[in-house]
Amino acid sequence: MSSHKKKRNKKLLNPPPLFPLSTANLSLPHDLLLNCIGRLSRLYYPTLSLVCKSYRSLIASPDLYTTRSLLNRTESCLYVCLQLSPDSNPRWFTLSRRPNRTLARNKKLSDYLLVPVTSPHVTSLRSSSVAVGSDIYEIGGLISGVHSSSVSVLDCRSNSWRQAPNMQVGRSFPSANVIDGKILVKGGLELKDVNSSKWVEVFDPNTKNWTTVSFTCGSKEWQSEDDNGTARRSSSFCLIDDVSYCFDNRKLKWFDDKVGGWKFVTGLEGVPKCLLGFNTSCHVHLADYGGKMVVLWDRHDRSSNCHGRTIWCAVLALERCSSEEISGTVEWSEAVLKVPNSFEFVHVLAAIV
């Protein structure tokens with residue numbers, strides 16, 4: 001083979017990166033850089049932020065997300081909070097693409113991974129969380145054994161934390177949902193406040209005000225609660241486009257009020273056997289991922305002689321085939337993080353960024 005053909009084949013095997021990361025790009029006009037980076041998937045941003053301080057500053061800039069919105073490039077971004085032994089403080093992670101996917105494939109590594117959110121923050125135990133747009137609200141919890149009224153907000157554009165106004169009463173593991181753009185929080189009160197357990201506090205992210213109201217809600221968002229307002233939620237349950245889904249007895253099921261009765265999701269070719277097998281723990285979490293479903297679970301890590309576990313992630317596209325059938329297609333499924341044997345999922349949810 002001629003040297004010319006060898007060079008040509010080498011170029012084909014090593015294509016240029018999706019977005020050149022040379023420092024020369026920093027001399028480009030600011031608006032042009034915003035336009036280029038704004039068109040990339042948010043999954044690449046953790047990698048881009050490692051290039052230099054200028055890129056890190058650009059990725060945290062509100063201008064970038066204004067540009068993404070104007071370009072109609074907003075997307076769902078997965079965030080996972082884990083409590084990893086022996087650390088008592090839960091830690092937040094976000095889903096990202098591996099920096100060098102070609103090298104990863106050669107070494108049989110996954111294309112996706114969970115990377116830590118490095119902004120300093122102390123997550124309260126037994127808190128609840130909801131996402132409103134690009135913000136994740138961490139609500140209540142236990143601080144030194146006391147029910148907390150604190151509300152922390154993770155800005156998923158810059159991965160930085162700020163404080164929101166406190167609730168009017170402390171709550172531990174309350175039920176929290178977003179209805180019509182407002183956050184409704186119920187239950188989780190101390191015993192001394194049990195007579196007030198029907199109180200619902202409502203937070204308006206626009207006015208940043210809490211109000212306490214007498215509220216009786218029959219919507220599906222509140223159907224998982226018992227009589228005293230204490231949240232009785234399952235991590236293996238999620239609501240997507242007004243359809244309820246649950247993972248039960250190694251099967252994925254769905255329920256629609258208009259149809260009635262739980263039914264099995266069909267299709268699902270490509271679902272990893274480890275999810276349906278006996279090596280899977282009870283840690284199976286479902287979440288709405290922009291109309292798709294994200295499934296997280298863990299299994300023993302054989303490569304570490306059972307001294308740890310591996311978190312797996314799968315993204316399922318859902319299709320309503322008929323009033324009686326919903327089909328699922330596995331878009332991808334990979335191991336995304338190695339964790340100690342002793343760990344817990346705390347929160348799993350997606351924000352729009």
# chains A, B, ... in the order shown; residues from 1 in each chain; ligands from 1
call {"tool": "residues_around", "arguments": {"residues": "region 199-207 of chain A", "least_positions_apart": "6", "cutoff": "8 Å", "atoms": "only C-alpha atoms", "output": "list of chain:residue names"}}
result
A:Met167, A:Gln168, A:Gly181, A:Lys182, A:Ile183, A:Leu184, A:Val185, A:Lys186, A:Gly187, A:Val213, A:Ser214, A:Phe215
call {"tool": "residues_around", "arguments": {"residues": "Asp288 (chain A)", "least_positions_apart": "5", "cutoff": "8 Å", "atoms": "only C-alpha atoms", "output": "count of residues only"}}
result
7
call {"tool": "closest_residue", "arguments": {"among": "A:Leu286, A:Leu58, A:Val243, A:Ile143", "to": "Arg320 (chain A)", "atoms": "only C-alpha atoms"}}
result
A:Val243
call {"tool": "residues_around", "arguments": {"residues": "Gly140 (chain A)", "least_positions_apart": "6", "cutoff": "9 Å", "atoms": "only C-alpha atoms", "output": "short mmCIF file (atom, residue, chain, number, x, y, z; two decimals) with all heavy atoms, in the first residue's frame"}}
result
data_model
loop_
_atom_site.label_atom_id
_atom_site.label_comp_id
_atom_site.auth_asym_id
_atom_site.auth_seq_id
_atom_site.Cartn_x
_atom_site.Cartn_y
_atom_site.Cartn_z
N SER A 124 -28.94 17.75 52.76
CA SER A 124 -29.60 17.24 53.96
C SER A 124 -30.11 15.82 53.74
O SER A 124 -30.60 15.49 52.65
CB SER A 124 -30.78 18.14 54.35
OG SER A 124 -30.35 19.46 54.57
N LEU A 125 -29.98 15.00 54.76
CA LEU A 125 -30.57 13.67 54.69
C LEU A 125 -32.09 13.79 54.71
O LEU A 125 -32.65 14.70 55.33
CB LEU A 125 -30.08 12.82 55.87
CG LEU A 125 -28.57 12.55 55.93
CD1 LEU A 125 -28.23 11.80 57.23
CD2 LEU A 125 -28.11 11.77 54.72
N ARG A 126 -32.75 12.87 54.04
CA ARG A 126 -34.21 12.81 53.97
C ARG A 126 -34.83 14.08 53.39
O ARG A 126 -35.93 14.49 53.77
CB ARG A 126 -34.81 12.50 55.35
CG ARG A 126 -34.44 11.13 55.88
CD ARG A 126 -35.13 10.82 57.20
NE ARG A 126 -36.57 10.83 57.07
CZ ARG A 126 -37.29 9.82 56.58
NH1 ARG A 126 -36.69 8.73 56.14
NH2 ARG A 126 -38.61 9.90 56.51
N SER A 127 -34.12 14.71 52.47
CA SER A 127 -34.70 15.84 51.75
C SER A 127 -35.45 15.31 50.53
O SER A 127 -35.34 14.14 50.17
CB SER A 127 -33.61 16.81 51.31
OG SER A 127 -32.68 16.17 50.44
N SER A 128 -36.23 16.17 49.89
CA SER A 128 -36.91 15.85 48.64
C SER A 128 -36.41 16.79 47.57
O SER A 128 -35.85 17.85 47.86
CB SER A 128 -38.44 15.97 48.80
OG SER A 128 -38.92 15.02 49.72
N SER A 129 -36.61 16.42 46.32
CA SER A 129 -36.11 17.27 45.25
C SER A 129 -37.07 17.28 44.07
O SER A 129 -37.73 16.28 43.78
CB SER A 129 -34.72 16.81 44.79
OG SER A 129 -34.80 15.51 44.23
N HIS A 147 -36.04 18.66 61.87
CA HIS A 147 -36.70 18.88 60.58
C HIS A 147 -36.33 20.27 60.05
O HIS A 147 -36.49 21.27 60.76
CB HIS A 147 -38.22 18.80 60.74
CG HIS A 147 -38.72 17.40 60.95
ND1 HIS A 147 -38.24 16.58 61.95
CD2 HIS A 147 -39.66 16.67 60.28
CE1 HIS A 147 -38.86 15.41 61.90
NE2 HIS A 147 -39.72 15.44 60.89
N SER A 148 -35.86 20.31 58.83
CA SER A 148 -35.35 21.56 58.26
C SER A 148 -36.39 22.22 57.36
O SER A 148 -37.14 21.55 56.64
CB SER A 148 -34.08 21.29 57.46
OG SER A 148 -33.66 22.45 56.77
N SER A 149 -36.40 23.55 57.39
CA SER A 149 -37.25 24.32 56.48
C SER A 149 -36.42 24.88 55.32
O SER A 149 -36.93 25.63 54.49
CB SER A 149 -37.94 25.46 57.22
OG SER A 149 -36.98 26.35 57.76
N SER A 150 -35.16 24.51 55.26
CA SER A 150 -34.23 25.05 54.27
C SER A 150 -34.54 24.57 52.86
O SER A 150 -34.99 23.43 52.65
CB SER A 150 -32.79 24.67 54.65
OG SER A 150 -31.88 25.09 53.66
N VAL A 151 -34.30 25.42 51.87
CA VAL A 151 -34.46 25.08 50.46
C VAL A 151 -33.21 25.54 49.71
O VAL A 151 -32.89 26.73 49.69
CB VAL A 151 -35.71 25.75 49.84
CG1 VAL A 151 -35.84 25.37 48.37
CG2 VAL A 151 -36.97 25.35 50.61
N SER A 152 -32.50 24.57 49.13
CA SER A 152 -31.31 24.88 48.32
C SER A 152 -31.64 24.66 46.86
O SER A 152 -32.45 23.80 46.51
CB SER A 152 -30.13 23.99 48.74
OG SER A 152 -29.81 24.16 50.10
N ASN A 166 -36.75 30.04 52.93
CA ASN A 166 -37.15 28.87 53.71
C ASN A 166 -38.66 28.66 53.68
O ASN A 166 -39.44 29.61 53.50
CB ASN A 166 -36.71 29.03 55.16
CG ASN A 166 -35.22 28.84 55.34
OD1 ASN A 166 -34.49 28.60 54.37
ND2 ASN A 166 -34.75 28.95 56.56
N MET A 167 -39.06 27.41 53.87
CA MET A 167 -40.48 27.11 54.06
C MET A 167 -40.93 27.67 55.40
O MET A 167 -40.12 28.05 56.25
CB MET A 167 -40.72 25.59 54.02
CG MET A 167 -40.45 24.95 52.68
SD MET A 167 -40.72 23.14 52.72
CE MET A 167 -39.35 22.60 53.75
N GLY A 170 -40.65 23.25 59.19
CA GLY A 170 -39.64 22.25 58.86
C GLY A 170 -40.28 20.94 58.41
O GLY A 170 -41.33 20.53 58.93
N ARG A 171 -39.66 20.28 57.45
CA ARG A 171 -40.20 19.02 56.92
C ARG A 171 -39.06 18.05 56.65
O ARG A 171 -37.99 18.45 56.19
CB ARG A 171 -40.98 19.26 55.63
CG ARG A 171 -42.16 20.21 55.77
CD ARG A 171 -42.78 20.53 54.41
NE ARG A 171 -43.81 21.55 54.51
CZ ARG A 171 -45.11 21.30 54.68
NH1 ARG A 171 -45.52 20.04 54.77
NH2 ARG A 171 -45.98 22.28 54.76
N SER A 172 -39.31 16.76 56.89
CA SER A 172 -38.36 15.70 56.59
C SER A 172 -38.99 14.74 55.59
O SER A 172 -40.04 14.16 55.84
CB SER A 172 -37.98 14.95 57.87
OG SER A 172 -37.22 13.80 57.57
N PHE A 173 -38.34 14.60 54.44
CA PHE A 173 -38.80 13.73 53.35
C PHE A 173 -40.26 14.03 52.99
O PHE A 173 -41.12 13.15 52.98
CB PHE A 173 -38.64 12.26 53.73
CG PHE A 173 -38.61 11.34 52.54
CD1 PHE A 173 -37.84 11.63 51.44
CD2 PHE A 173 -39.36 10.17 52.53
CE1 PHE A 173 -37.81 10.79 50.35
CE2 PHE A 173 -39.34 9.33 51.45
CZ PHE A 173 -38.56 9.63 50.35
N PRO A 174 -40.57 15.28 52.69
CA PRO A 174 -41.94 15.61 52.29
C PRO A 174 -42.21 15.16 50.86
O PRO A 174 -41.30 14.80 50.11
CB PRO A 174 -41.95 17.14 52.38
CG PRO A 174 -40.55 17.53 52.04
CD PRO A 174 -39.68 16.45 52.64
N GLY A 188 -44.42 15.35 55.90
CA GLY A 188 -43.08 15.33 56.46
C GLY A 188 -42.90 16.20 57.68
O GLY A 188 -41.78 16.59 58.01
#
call {"tool": "select_by_dssp", "arguments": {"residues": "region 46-132 of chain A", "states": "helix (DSSP H, G or I)", "output": "PyMOL selection string"}}
result
chain A and resi 46-48+53-59+62-70+101-106
call {"tool": "residues_around", "arguments": {"residues": "Ser76 (chain A)", "least_positions_apart": "3", "cutoff": "12 Å", "atoms": "only C-alpha atoms", "output": "PDB file with all heavy atoms, in the first residue's frame"}}
result
ATOM      1  N   SER A  41     -24.263  19.245  22.374  1.00  0.00           N
ATOM      2  CA  SER A  41     -25.044  18.641  23.455  1.00  0.00           C
ATOM      3  C   SER A  41     -24.436  19.013  24.793  1.00  0.00           C
ATOM      4  O   SER A  41     -23.206  19.096  24.952  1.00  0.00           O
ATOM      5  CB  SER A  41     -25.064  17.118  23.296  1.00  0.00           C
ATOM      6  OG  SER A  41     -25.602  16.510  24.459  1.00  0.00           O
ATOM      7  N   ARG A  42     -25.283  19.220  25.772  1.00  0.00           N
ATOM      8  CA  ARG A  42     -24.823  19.548  27.123  1.00  0.00           C
ATOM      9  C   ARG A  42     -23.953  18.433  27.704  1.00  0.00           C
ATOM     10  O   ARG A  42     -23.163  18.651  28.623  1.00  0.00           O
ATOM     11  CB  ARG A  42     -26.061  19.784  27.985  1.00  0.00           C
ATOM     12  CG  ARG A  42     -25.841  20.081  29.452  1.00  0.00           C
ATOM     13  CD  ARG A  42     -25.083  21.360  29.704  1.00  0.00           C
ATOM     14  NE  ARG A  42     -25.315  21.960  30.983  1.00  0.00           N
ATOM     15  CZ  ARG A  42     -25.136  21.381  32.173  1.00  0.00           C
ATOM     16  NH1 ARG A  42     -24.745  20.146  32.250  1.00  0.00           N
ATOM     17  NH2 ARG A  42     -25.362  22.047  33.287  1.00  0.00           N
ATOM     18  N   LEU A  43     -24.072  17.224  27.168  1.00  0.00           N
ATOM     19  CA  LEU A  43     -23.278  16.090  27.652  1.00  0.00           C
ATOM     20  C   LEU A  43     -21.778  16.328  27.472  1.00  0.00           C
ATOM     21  O   LEU A  43     -20.963  15.708  28.152  1.00  0.00           O
ATOM     22  CB  LEU A  43     -23.687  14.810  26.924  1.00  0.00           C
ATOM     23  CG  LEU A  43     -25.083  14.261  27.245  1.00  0.00           C
ATOM     24  CD1 LEU A  43     -25.457  13.163  26.272  1.00  0.00           C
ATOM     25  CD2 LEU A  43     -25.152  13.755  28.676  1.00  0.00           C
ATOM     26  N   ARG A  73     -31.927  24.598  21.356  1.00  0.00           N
ATOM     27  CA  ARG A  73     -31.029  23.483  21.649  1.00  0.00           C
ATOM     28  C   ARG A  73     -31.102  23.045  23.113  1.00  0.00           C
ATOM     29  O   ARG A  73     -30.214  22.337  23.594  1.00  0.00           O
ATOM     30  CB  ARG A  73     -29.593  23.886  21.313  1.00  0.00           C
ATOM     31  CG  ARG A  73     -29.350  24.264  19.867  1.00  0.00           C
ATOM     32  CD  ARG A  73     -29.446  23.083  18.942  1.00  0.00           C
ATOM     33  NE  ARG A  73     -28.353  22.152  19.152  1.00  0.00           N
ATOM     34  CZ  ARG A  73     -28.164  21.064  18.413  1.00  0.00           C
ATOM     35  NH1 ARG A  73     -29.015  20.765  17.444  1.00  0.00           N
ATOM     36  NH2 ARG A  73     -27.156  20.256  18.644  1.00  0.00           N
ATOM     37  N   TYR A  79     -29.441  14.302  36.571  1.00  0.00           N
ATOM     38  CA  TYR A  79     -28.691  14.535  37.805  1.00  0.00           C
ATOM     39  C   TYR A  79     -29.035  13.425  38.796  1.00  0.00           C
ATOM     40  O   TYR A  79     -30.198  13.040  38.945  1.00  0.00           O
ATOM     41  CB  TYR A  79     -29.011  15.903  38.399  1.00  0.00           C
ATOM     42  CG  TYR A  79     -28.281  17.027  37.696  1.00  0.00           C
ATOM     43  CD1 TYR A  79     -28.731  17.514  36.477  1.00  0.00           C
ATOM     44  CD2 TYR A  79     -27.122  17.568  38.236  1.00  0.00           C
ATOM     45  CE1 TYR A  79     -28.050  18.529  35.813  1.00  0.00           C
ATOM     46  CE2 TYR A  79     -26.433  18.595  37.582  1.00  0.00           C
ATOM     47  CZ  TYR A  79     -26.904  19.051  36.370  1.00  0.00           C
ATOM     48  OH  TYR A  79     -26.219  20.043  35.718  1.00  0.00           O
ATOM     49  N   THR A  94     -23.693  14.333  37.525  1.00  0.00           N
ATOM     50  CA  THR A  94     -24.463  14.576  36.302  1.00  0.00           C
ATOM     51  C   THR A  94     -23.944  13.683  35.193  1.00  0.00           C
ATOM     52  O   THR A  94     -22.757  13.323  35.167  1.00  0.00           O
ATOM     53  CB  THR A  94     -24.396  16.063  35.888  1.00  0.00           C
ATOM     54  OG1 THR A  94     -25.244  16.282  34.761  1.00  0.00           O
ATOM     55  CG2 THR A  94     -22.980  16.479  35.527  1.00  0.00           C
ATOM     56  N   LEU A  95     -24.829  13.311  34.287  1.00  0.00           N
ATOM     57  CA  LEU A  95     -24.457  12.427  33.190  1.00  0.00           C
ATOM     58  C   LEU A  95     -23.656  13.193  32.146  1.00  0.00           C
ATOM     59  O   LEU A  95     -24.011  14.301  31.754  1.00  0.00           O
ATOM     60  CB  LEU A  95     -25.712  11.826  32.551  1.00  0.00           C
ATOM     61  CG  LEU A  95     -25.480  10.753  31.482  1.00  0.00           C
ATOM     62  CD1 LEU A  95     -24.885   9.491  32.095  1.00  0.00           C
ATOM     63  CD2 LEU A  95     -26.789  10.424  30.760  1.00  0.00           C
ATOM     64  N   SER A  96     -22.556  12.582  31.696  1.00  0.00           N
ATOM     65  CA  SER A  96     -21.685  13.221  30.719  1.00  0.00           C
ATOM     66  C   SER A  96     -21.189  12.174  29.727  1.00  0.00           C
ATOM     67  O   SER A  96     -21.253  10.969  29.996  1.00  0.00           O
ATOM     68  CB  SER A  96     -20.489  13.870  31.429  1.00  0.00           C
ATOM     69  OG  SER A  96     -19.541  14.358  30.509  1.00  0.00           O
ATOM     70  N   ALA A 131     -37.426  19.382  39.931  1.00  0.00           N
ATOM     71  CA  ALA A 131     -36.776  20.230  38.938  1.00  0.00           C
ATOM     72  C   ALA A 131     -37.799  21.182  38.337  1.00  0.00           C
ATOM     73  O   ALA A 131     -38.905  20.768  37.972  1.00  0.00           O
ATOM     74  CB  ALA A 131     -36.132  19.382  37.846  1.00  0.00           C
ATOM     75  N   VAL A 132     -37.424  22.446  38.249  1.00  0.00           N
ATOM     76  CA  VAL A 132     -38.233  23.465  37.578  1.00  0.00           C
ATOM     77  C   VAL A 132     -37.328  24.140  36.559  1.00  0.00           C
ATOM     78  O   VAL A 132     -36.431  24.892  36.933  1.00  0.00           O
ATOM     79  CB  VAL A 132     -38.803  24.502  38.558  1.00  0.00           C
ATOM     80  CG1 VAL A 132     -39.664  25.512  37.813  1.00  0.00           C
ATOM     81  CG2 VAL A 132     -39.612  23.828  39.657  1.00  0.00           C
ATOM     82  N   GLY A 133     -37.536  23.845  35.291  1.00  0.00           N
ATOM     83  CA  GLY A 133     -36.661  24.387  34.266  1.00  0.00           C
ATOM     84  C   GLY A 133     -35.239  23.907  34.455  1.00  0.00           C
ATOM     85  O   GLY A 133     -34.965  22.705  34.527  1.00  0.00           O
ATOM     86  N   SER A 134     -34.303  24.849  34.597  1.00  0.00           N
ATOM     87  CA  SER A 134     -32.892  24.501  34.753  1.00  0.00           C
ATOM     88  C   SER A 134     -32.463  24.442  36.212  1.00  0.00           C
ATOM     89  O   SER A 134     -31.270  24.291  36.498  1.00  0.00           O
ATOM     90  CB  SER A 134     -32.019  25.526  34.008  1.00  0.00           C
ATOM     91  OG  SER A 134     -32.231  26.831  34.525  1.00  0.00           O
ATOM     92  N   ASP A 135     -33.413  24.552  37.145  1.00  0.00           N
ATOM     93  CA  ASP A 135     -33.099  24.543  38.578  1.00  0.00           C
ATOM     94  C   ASP A 135     -33.613  23.270  39.247  1.00  0.00           C
ATOM     95  O   ASP A 135     -34.725  22.823  38.974  1.00  0.00           O
ATOM     96  CB  ASP A 135     -33.719  25.754  39.280  1.00  0.00           C
ATOM     97  CG  ASP A 135     -33.055  27.059  38.889  1.00  0.00           C
ATOM     98  OD1 ASP A 135     -31.856  27.035  38.538  1.00  0.00           O
ATOM     99  OD2 ASP A 135     -33.733  28.102  38.929  1.00  0.00           O
ATOM    100  N   CYS A 156     -28.453  24.265  37.241  1.00  0.00           N
ATOM    101  CA  CYS A 156     -27.816  23.251  36.403  1.00  0.00           C
ATOM    102  C   CYS A 156     -27.088  23.851  35.203  1.00  0.00           C
ATOM    103  O   CYS A 156     -26.371  23.135  34.501  1.00  0.00           O
ATOM    104  CB  CYS A 156     -28.859  22.234  35.930  1.00  0.00           C
ATOM    105  SG  CYS A 156     -29.639  21.340  37.289  1.00  0.00           S
ATOM    106  N   ARG A 157     -27.251  25.144  34.961  1.00  0.00           N
ATOM    107  CA  ARG A 157     -26.494  25.795  33.890  1.00  0.00           C
ATOM    108  C   ARG A 157     -25.043  25.978  34.307  1.00  0.00           C
ATOM    109  O   ARG A 157     -24.120  25.741  33.525  1.00  0.00           O
ATOM    110  CB  ARG A 157     -27.129  27.136  33.538  1.00  0.00           C
ATOM    111  CG  ARG A 157     -28.546  27.025  33.003  1.00  0.00           C
ATOM    112  CD  ARG A 157     -29.214  28.373  32.910  1.00  0.00           C
ATOM    113  NE  ARG A 157     -29.325  29.016  34.222  1.00  0.00           N
ATOM    114  CZ  ARG A 157     -29.900  30.189  34.444  1.00  0.00           C
ATOM    115  NH1 ARG A 157     -30.405  30.865  33.426  1.00  0.00           N
ATOM    116  NH2 ARG A 157     -29.966  30.695  35.657  1.00  0.00           N
ATOM    117  N   ALA A 287     -36.964   7.555  36.048  1.00  0.00           N
ATOM    118  CA  ALA A 287     -37.164   9.008  36.029  1.00  0.00           C
ATOM    119  C   ALA A 287     -37.542   9.457  34.629  1.00  0.00           C
ATOM    120  O   ALA A 287     -37.150   8.843  33.628  1.00  0.00           O
ATOM    121  CB  ALA A 287     -35.903   9.738  36.496  1.00  0.00           C
ATOM    122  N   ASP A 288     -38.331  10.538  34.584  1.00  0.00           N
ATOM    123  CA  ASP A 288     -38.684  11.172  33.316  1.00  0.00           C
ATOM    124  C   ASP A 288     -37.446  11.878  32.777  1.00  0.00           C
ATOM    125  O   ASP A 288     -36.822  12.685  33.456  1.00  0.00           O
ATOM    126  CB  ASP A 288     -39.818  12.183  33.565  1.00  0.00           C
ATOM    127  CG  ASP A 288     -40.292  12.857  32.279  1.00  0.00           C
ATOM    128  OD1 ASP A 288     -39.727  12.600  31.205  1.00  0.00           O
ATOM    129  OD2 ASP A 288     -41.245  13.654  32.365  1.00  0.00           O
ATOM    130  N   TYR A 289     -37.103  11.583  31.521  1.00  0.00           N
ATOM    131  CA  TYR A 289     -35.904  12.142  30.900  1.00  0.00           C
ATOM    132  C   TYR A 289     -36.306  12.818  29.595  1.00  0.00           C
ATOM    133  O   TYR A 289     -35.996  12.371  28.510  1.00  0.00           O
ATOM    134  CB  TYR A 289     -34.894  11.025  30.653  1.00  0.00           C
ATOM    135  CG  TYR A 289     -33.505  11.463  30.234  1.00  0.00           C
ATOM    136  CD1 TYR A 289     -32.823  12.465  30.911  1.00  0.00           C
ATOM    137  CD2 TYR A 289     -32.863  10.839  29.172  1.00  0.00           C
ATOM    138  CE1 TYR A 289     -31.548  12.845  30.540  1.00  0.00           C
ATOM    139  CE2 TYR A 289     -31.580  11.206  28.787  1.00  0.00           C
ATOM    140  CZ  TYR A 289     -30.928  12.212  29.476  1.00  0.00           C
ATOM    141  OH  TYR A 289     -29.653  12.586  29.100  1.00  0.00           O
ATOM    142  N   GLY A 290     -37.077  13.909  29.740  1.00  0.00           N
ATOM    143  CA  GLY A 290     -37.536  14.635  28.574  1.00  0.00           C
ATOM    144  C   GLY A 290     -38.501  13.844  27.710  1.00  0.00           C
ATOM    145  O   GLY A 290     -38.433  13.917  26.478  1.00  0.00           O
ATOM    146  N   GLY A 291     -39.427  13.108  28.339  1.00  0.00           N
ATOM    147  CA  GLY A 291     -40.381  12.277  27.598  1.00  0.00           C
ATOM    148  C   GLY A 291     -39.900  10.863  27.381  1.00  0.00           C
ATOM    149  O   GLY A 291     -40.688   9.974  27.050  1.00  0.00           O
ATOM    150  N   LYS A 292     -38.608  10.641  27.563  1.00  0.00           N
ATOM    151  CA  LYS A 292     -38.062   9.291  27.558  1.00  0.00           C
ATOM    152  C   LYS A 292     -37.952   8.815  29.000  1.00  0.00           C
ATOM    153  O   LYS A 292     -38.242   9.572  29.932  1.00  0.00           O
ATOM    154  CB  LYS A 292     -36.699   9.261  26.863  1.00  0.00           C
ATOM    155  CG  LYS A 292     -36.748   9.718  25.409  1.00  0.00           C
ATOM    156  CD  LYS A 292     -35.368   9.727  24.779  1.00  0.00           C
ATOM    157  CE  LYS A 292     -35.449  10.242  23.340  1.00  0.00           C
ATOM    158  NZ  LYS A 292     -34.110  10.260  22.691  1.00  0.00           N
ATOM    159  N   MET A 293     -37.543   7.576  29.191  1.00  0.00           N
ATOM    160  CA  MET A 293     -37.369   7.062  30.545  1.00  0.00           C
ATOM    161  C   MET A 293     -35.908   6.711  30.773  1.00  0.00           C
ATOM    162  O   MET A 293     -35.270   6.078  29.930  1.00  0.00           O
ATOM    163  CB  MET A 293     -38.225   5.810  30.777  1.00  0.00           C
ATOM    164  CG  MET A 293     -38.059   5.216  32.175  1.00  0.00           C
ATOM    165  SD  MET A 293     -38.904   3.630  32.350  1.00  0.00           S
ATOM    166  CE  MET A 293     -40.616   4.147  32.153  1.00  0.00           C
ATOM    167  N   VAL A 294     -35.387   7.158  31.912  1.00  0.00           N
ATOM    168  CA  VAL A 294     -34.060   6.737  32.314  1.00  0.00           C
ATOM    169  C   VAL A 294     -34.223   5.716  33.445  1.00  0.00           C
ATOM    170  O   VAL A 294     -35.060   5.886  34.337  1.00  0.00           O
ATOM    171  CB  VAL A 294     -33.186   7.928  32.748  1.00  0.00           C
ATOM    172  CG1 VAL A 294     -33.719   8.583  34.015  1.00  0.00           C
ATOM    173  CG2 VAL A 294     -31.754   7.501  32.945  1.00  0.00           C
ATOM    174  N   VAL A 315     -31.428   4.359  28.725  1.00  0.00           N
ATOM    175  CA  VAL A 315     -32.414   5.344  28.262  1.00  0.00           C
ATOM    176  C   VAL A 315     -33.365   4.640  27.314  1.00  0.00           C
ATOM    177  O   VAL A 315     -32.938   4.001  26.341  1.00  0.00           O
ATOM    178  CB  VAL A 315     -31.738   6.535  27.556  1.00  0.00           C
ATOM    179  CG1 VAL A 315     -32.787   7.450  26.932  1.00  0.00           C
ATOM    180  CG2 VAL A 315     -30.889   7.325  28.548  1.00  0.00           C
ATOM    181  N   LEU A 349     -33.244  12.771  38.951  1.00  0.00           N
ATOM    182  CA  LEU A 349     -34.184  13.614  38.213  1.00  0.00           C
ATOM    183  C   LEU A 349     -33.452  14.341  37.090  1.00  0.00           C
ATOM    184  O   LEU A 349     -32.213  14.358  37.034  1.00  0.00           O
ATOM    185  CB  LEU A 349     -34.898  14.603  39.127  1.00  0.00           C
ATOM    186  CG  LEU A 349     -34.122  15.747  39.739  1.00  0.00           C
ATOM    187  CD1 LEU A 349     -35.088  16.739  40.397  1.00  0.00           C
ATOM    188  CD2 LEU A 349     -33.152  15.253  40.831  1.00  0.00           C
ATOM    189  N   ALA A 350     -34.231  14.926  36.183  1.00  0.00           N
ATOM    190  CA  ALA A 350     -33.659  15.622  35.033  1.00  0.00           C
ATOM    191  C   ALA A 350     -34.114  17.080  35.025  1.00  0.00           C
ATOM    192  O   ALA A 350     -35.247  17.388  35.367  1.00  0.00           O
ATOM    193  CB  ALA A 350     -34.073  14.939  33.730  1.00  0.00           C
ATOM    194  N   ALA A 351     -33.188  17.958  34.637  1.00  0.00           N
ATOM    195  CA  ALA A 351     -33.489  19.387  34.482  1.00  0.00           C
ATOM    196  C   ALA A 351     -33.380  19.738  33.008  1.00  0.00           C
ATOM    197  O   ALA A 351     -32.738  19.045  32.224  1.00  0.00           O
ATOM    198  CB  ALA A 351     -32.509  20.226  35.298  1.00  0.00           C
ATOM    199  N   ILE A 352     -34.048  20.818  32.603  1.00  0.00           N
ATOM    200  CA  ILE A 352     -34.010  21.296  31.218  1.00  0.00           C
ATOM    201  C   ILE A 352     -32.989  22.415  31.120  1.00  0.00           C
ATOM    202  O   ILE A 352     -33.116  23.450  31.763  1.00  0.00           O
ATOM    203  CB  ILE A 352     -35.390  21.807  30.755  1.00  0.00           C
ATOM    204  CG1 ILE A 352     -36.444  20.722  30.952  1.00  0.00           C
ATOM    205  CG2 ILE A 352     -35.322  22.233  29.294  1.00  0.00           C
ATOM    206  CD1 ILE A 352     -36.219  19.471  30.150  1.00  0.00           C
ATOM    207  N   VAL A 353     -31.950  22.198  30.318  1.00  0.00           N
ATOM    208  CA  VAL A 353     -30.843  23.156  30.223  1.00  0.00           C
ATOM    209  C   VAL A 353     -30.561  23.456  28.753  1.00  0.00           C
ATOM    210  O   VAL A 353     -30.501  22.562  27.937  1.00  0.00           O
ATOM    211  CB  VAL A 353     -29.581  22.615  30.903  1.00  0.00           C
ATOM    212  CG1 VAL A 353     -28.450  23.637  30.795  1.00  0.00           C
ATOM    213  CG2 VAL A 353     -29.857  22.301  32.363  1.00  0.00           C
TER     214      VAL A 353
END
call {"tool": "closest_residue", "arguments": {"among": "A:Thr67, A:Ser49, A:Glu324, A:Asn209", "to": "Leu33 (chain A)", "atoms": "only C-alpha atoms"}}
result
A:Thr67
call {"tool": "select_by_dssp", "arguments": {"residues": "region 25-161 of chain A", "states": "strand (DSSP E)", "output": "VMD selection string"}}
result
chain A and resid 76 to 84 91 to 97 112 to 116 128 to 132 135 to 139 142 to 143 146 to 147 151 to 155 160 to 161
call {"tool": "atom_distance", "arguments": {"atom1": "CA of Ser110 (chain A)", "atom2": "CA of Glu331 (chain A)"}}
result
13.9 Å
call {"tool": "closest_residue", "arguments": {"among": "A:Val259, A:Ala335, A:Val80, A:Val295", "to": "Leu109 (chain A)", "atoms": "only C-alpha atoms"}}
result
A:Ala335
